[in-house]
Each structure stands twice: as structure tokens, then as C-alpha cells.
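Working notes, structure below.
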Amino acid sequence: MSTKIKQRLNRILLWGLIVVMAFWMLFPFYWAVNSSFKSEGMLAMTPTTFVPRDPDTGTLYFYLRNYEAVFTNQAFLRAIGNSLIVATATTLLSLAIGSFAGFALGKLRYRGKTATLYIILAMTMFPAIAVLTGLYAIITELKIPPLLSMIFTYMLFTLPFTAWVLTAFFRELPTEIFQSAQVDGASPLQTFYLILLPLTAPAMVTTGLLAFIGAWNEYLFALTFTSIAPDARTLPVIIANFPSQFSRQIPFGEIMAGGVVSSIPLVLLVFIFQRRIVAGLTAGAVKG
């Protein structure tokens, strides 16, 4: 078999694998969008349809009352605001504290740095359910408001990850930059926020987006901390307990519409920062 034939076969196999993986990842989202445009009768059709069709005529028909139910539901609209507050605050605080930690762990020398890194790594190993009871007892005793309790709790999981990743990026920055700034009279803090921090923008965007997604989609703690405060519920909790407006049973179509709407901000963020994300994921992959 010639080299050209082998290369062509390898290319075909590669693209075949890409198509299969893309279908595997995108099909659930497509099915959610498809189901969000179906009524009860359309969802109950057998065999199921891959596009919304009228049960009587079989013609293409988009049922929009699911989205009407979503956008006229005050609890859902309030949940969007709660999720934005919680996810944004969690992300900003994690990046602010994590960048200081990453700078200290990546560039400064002090005793116990290795032990600190391992402690940070160990904090990410605890499952969420293992700390839920203790955190709920503390938050109840201190009477912390639900939104603040979610922000502080989410940081227990986003902050170690952010600090660990940013430590690797700060460590990869040339030491000569740090030394030159010191020679010019800059303090470590000035060197951090004037010189090194702008160079880690791709890493900040990547870790910040992952922290935002984690806080936006979190369900277990949000359900627990808002059990007695319905007005503070976030999107995952509202979607899981979506109150039916037009359906006479479990509102699957309305739930799917709510899920599609809640995923739009994440999709937009990925498209807006896609270049920064790629740069952040590939930084440090090649030396020299």
C-alpha cells in the first residue's frame, strides 16, 4: 500500500471519528431544541419525529407556547438573575483570589510551597455530597443569605481549580520578566498586576469560563440552600421543578425550552472568547 493511500485512509478515519464525536456531543442538545418546539401530543407521537410535526397532518409545525411559558414565568426570569449574580460573583472572586495564589505559588519562593500545592489539589478530591451537611449546618447557624451561601460554597470548588491552573501558567512565564521588573524598581505586587497578569489573560479567560459554567449549572447546593427561600432559586433548580402553565402533566416541553434558554449564555460566552480559550488551552504546550 502506497504512502498516499495510507495518508488518505488516515484522513478519512480521522474525519469519520470527528463526525461521530460531533454527532455524539451535539445530538442531546439538538433533541432538547427539537422537544422544546413540541406540544404534549407531538411529544407522545409514535414513532417519534426528528423535527416538530403536527400530529394530525404530519406537516412541519413549531409549537411556541413552551417558550411563551418560559418567558412569562416570573420564577424563571428571577432565576436567570439569581444565576447571573451567583455565577458572575463566583467567577470574579475565584479569579481575583486564584490569580494572587497562582502568582505566589508560581513565582515566589517561600517555605511550604509544595505542601500548599498538594493541599489545594487535595481540596478538589472531596465529593460535593461529602461536605453538604456540614456546610448547610454552618450556613444555617450563621444565617447567611442563600445567594451569598451559594457564592461562598461554589468557591470551595472553583477556587482550588483556578489557583492550581493559574499556578502552572505563572510558572511557565519567563523568570527574566520578573527579575527585570525587580531591577527596574517594581515591587512584587506591581510586577504582578502590571506585567504578569496581562500575560495570563488566556489562562484567566479559560479558567474563568470553566468556573462560570460550574457555578451556572450547579444543582445540589442550590437546591439545598434555597429549600426555604424560593425567591433565591437558580436556573437548574427552577428547571427541575418547572411549574406547568399550559401542560396538564409533567411539562417536558416547557422544561426543554427552559434548558435551551439557560444554555444560550454559555454558548455565547464560548463564541465570544473562543480565541482566548484556545490560546489558554494550548499555552505552554510548545517550548522554545
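Ligands are numbered from 1 in the order shown, residues from 1 within each chain, and chains are lettered A, B, ... in the order they appear in the C-alpha cells.
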
Within 9 Å of Thr88 of chain A, counting only C-alpha atoms, which residues qualify if same-chain residues fewer than 5 places away don't, as a tab-separated table (two decimals) with C-alpha atoms, in the first residue's frame?
```
chain	number	residue	atom	x	y	z
A	83	SER	CA	-27.84	32.58	38.39
A	93	LEU	CA	-13.82	36.21	43.23
A	212	PHE	CA	-18.71	30.27	35.42
A	215	ALA	CA	-21.47	27.79	39.08
A	216	TRP	CA	-24.16	28.29	36.42
```

Contacts of segment 22-28 of chain A at 12 Å (only C-alpha atoms; same-chain gap of 5+ positions) as an mmCIF file with C-alpha atoms, in the first residue's frame:
```cif
data_model
loop_
_atom_site.group_PDB
_atom_site.id
_atom_site.type_symbol
_atom_site.label_atom_id
_atom_site.label_comp_id
_atom_site.auth_asym_id
_atom_site.auth_seq_id
_atom_site.Cartn_x
_atom_site.Cartn_y
_atom_site.Cartn_z
ATOM 1 C CA TRP A 15 -12.762 12.825 9.800
ATOM 2 C CA GLY A 16 -15.050 9.863 10.380
ATOM 3 C CA LEU A 17 -14.099 9.911 14.055
ATOM 4 C CA VAL A 33 -34.257 22.009 20.950
ATOM 5 C CA ASN A 34 -36.471 19.654 18.936
ATOM 6 C CA SER A 35 -38.516 18.698 22.016
ATOM 7 C CA PHE A 50 -36.820 14.243 14.486
ATOM 8 C CA MET A 256 -36.744 21.540 27.467
ATOM 9 C CA GLY A 259 -32.973 24.195 29.349
ATOM 10 C CA VAL A 260 -32.370 25.627 25.889
#
```

Fewer than 6 positions away in the same chain doesn't count, so skip those; otherwise give me all residues within 10 Å of Tyr67 of chain A, counting only C-alpha atoms, as a PDB file with N, CA and C atoms, in the first residue's frame.
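Writing the result to around-v2.pdb gives the following:
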```
ATOM      1  N   SER A  36     -38.328  21.060  22.586  1.00  0.00           N
ATOM      2  CA  SER A  36     -38.858  22.324  23.109  1.00  0.00           C
ATOM      3  C   SER A  36     -39.896  22.946  22.184  1.00  0.00           C
ATOM      4  N   PHE A  37     -39.946  22.520  20.939  1.00  0.00           N
ATOM      5  CA  PHE A  37     -40.930  23.035  19.989  1.00  0.00           C
ATOM      6  C   PHE A  37     -42.090  22.065  19.780  1.00  0.00           C
ATOM      7  N   ASN A  73     -42.939  33.252  32.856  1.00  0.00           N
ATOM      8  CA  ASN A  73     -42.846  32.690  34.199  1.00  0.00           C
ATOM      9  C   ASN A  73     -41.928  33.575  35.035  1.00  0.00           C
ATOM     10  N   GLY A 253     -42.014  19.630  27.510  1.00  0.00           N
ATOM     11  CA  GLY A 253     -41.691  20.641  26.508  1.00  0.00           C
ATOM     12  C   GLY A 253     -41.230  21.939  27.131  1.00  0.00           C
ATOM     13  N   GLU A 254     -41.893  22.376  28.197  1.00  0.00           N
ATOM     14  CA  GLU A 254     -41.506  23.611  28.868  1.00  0.00           C
ATOM     15  C   GLU A 254     -40.151  23.459  29.555  1.00  0.00           C
ATOM     16  N   ILE A 255     -39.893  22.286  30.119  1.00  0.00           N
ATOM     17  CA  ILE A 255     -38.598  22.027  30.746  1.00  0.00           C
ATOM     18  C   ILE A 255     -37.490  22.089  29.699  1.00  0.00           C
ATOM     19  N   MET A 256     -37.741  21.497  28.540  1.00  0.00           N
ATOM     20  CA  MET A 256     -36.744  21.540  27.467  1.00  0.00           C
ATOM     21  C   MET A 256     -36.524  22.971  26.989  1.00  0.00           C
ATOM     22  N   ALA A 257     -37.588  23.740  26.875  1.00  0.00           N
ATOM     23  CA  ALA A 257     -37.443  25.142  26.466  1.00  0.00           C
ATOM     24  C   ALA A 257     -36.624  25.920  27.493  1.00  0.00           C
ATOM     25  N   GLY A 258     -36.870  25.678  28.784  1.00  0.00           N
ATOM     26  CA  GLY A 258     -36.080  26.325  29.818  1.00  0.00           C
ATOM     27  C   GLY A 258     -34.625  25.926  29.763  1.00  0.00           C
ATOM     28  N   VAL A 260     -32.973  24.985  27.063  1.00  0.00           N
ATOM     29  CA  VAL A 260     -32.370  25.627  25.889  1.00  0.00           C
ATOM     30  C   VAL A 260     -32.052  27.087  26.181  1.00  0.00           C
ATOM     31  N   VAL A 261     -32.999  27.796  26.805  1.00  0.00           N
ATOM     32  CA  VAL A 261     -32.773  29.208  27.129  1.00  0.00           C
ATOM     33  C   VAL A 261     -31.608  29.364  28.098  1.00  0.00           C
TER      34      VAL A 261
END
```

Problem set entry | All residues 12 Å or closer to segment 111-114 of chain A, only C-alpha atoms, same chain fewer than 5 positions away omitted, as an MDAnalysis selection string | chainID A and resid 101:106 119:121 164 167

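Ranking A:Thr158, A:Thr72, A:Gln249, A:Thr175 by their shortest atom-to-atom distance to Thr191 of chain A, with only C-alpha atoms included, puts A:Thr175 first.
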
Exercise. Which residue, A:Leu13, A:Met204, A:Ala44, A:Leu147, has the smallest gap to Leu223 of chain A when you use only C-alpha atoms?
Worked result: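 Smallest separation from Leu223 of chain A among the options: A:Leu147.
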
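For the residues A:Tyr63, A:Thr133, A:Ser227, A:Ile144, ranking by smallest atom-to-atom distance to Leu43 of chain A using only C-alpha atoms places A:Tyr63 first.
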
Exercise. So which one's closest to Pro251 of chain A, A:Ile18, A:Ile5, A:Leu166, A:Ala69? Using only C-alpha atoms, please.
Worked result: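 Closest residue, counting only C-alpha atoms: A:Ala69.
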
Problem set entry | Given only C-alpha atoms as the counted atoms, nearest of A:Ile238, A:Thr91, A:Phe252, A:Leu269 to Met42 of chain A |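 Closest to Met42 of chain A, using only C-alpha atoms: A:Phe252.
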
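With only C-alpha atoms as the atoms that count, the minimum distance from Phe178 of chain A to the choices A:Met123, A:Val20, A:Ile85, A:Leu108 is reached by A:Leu108.
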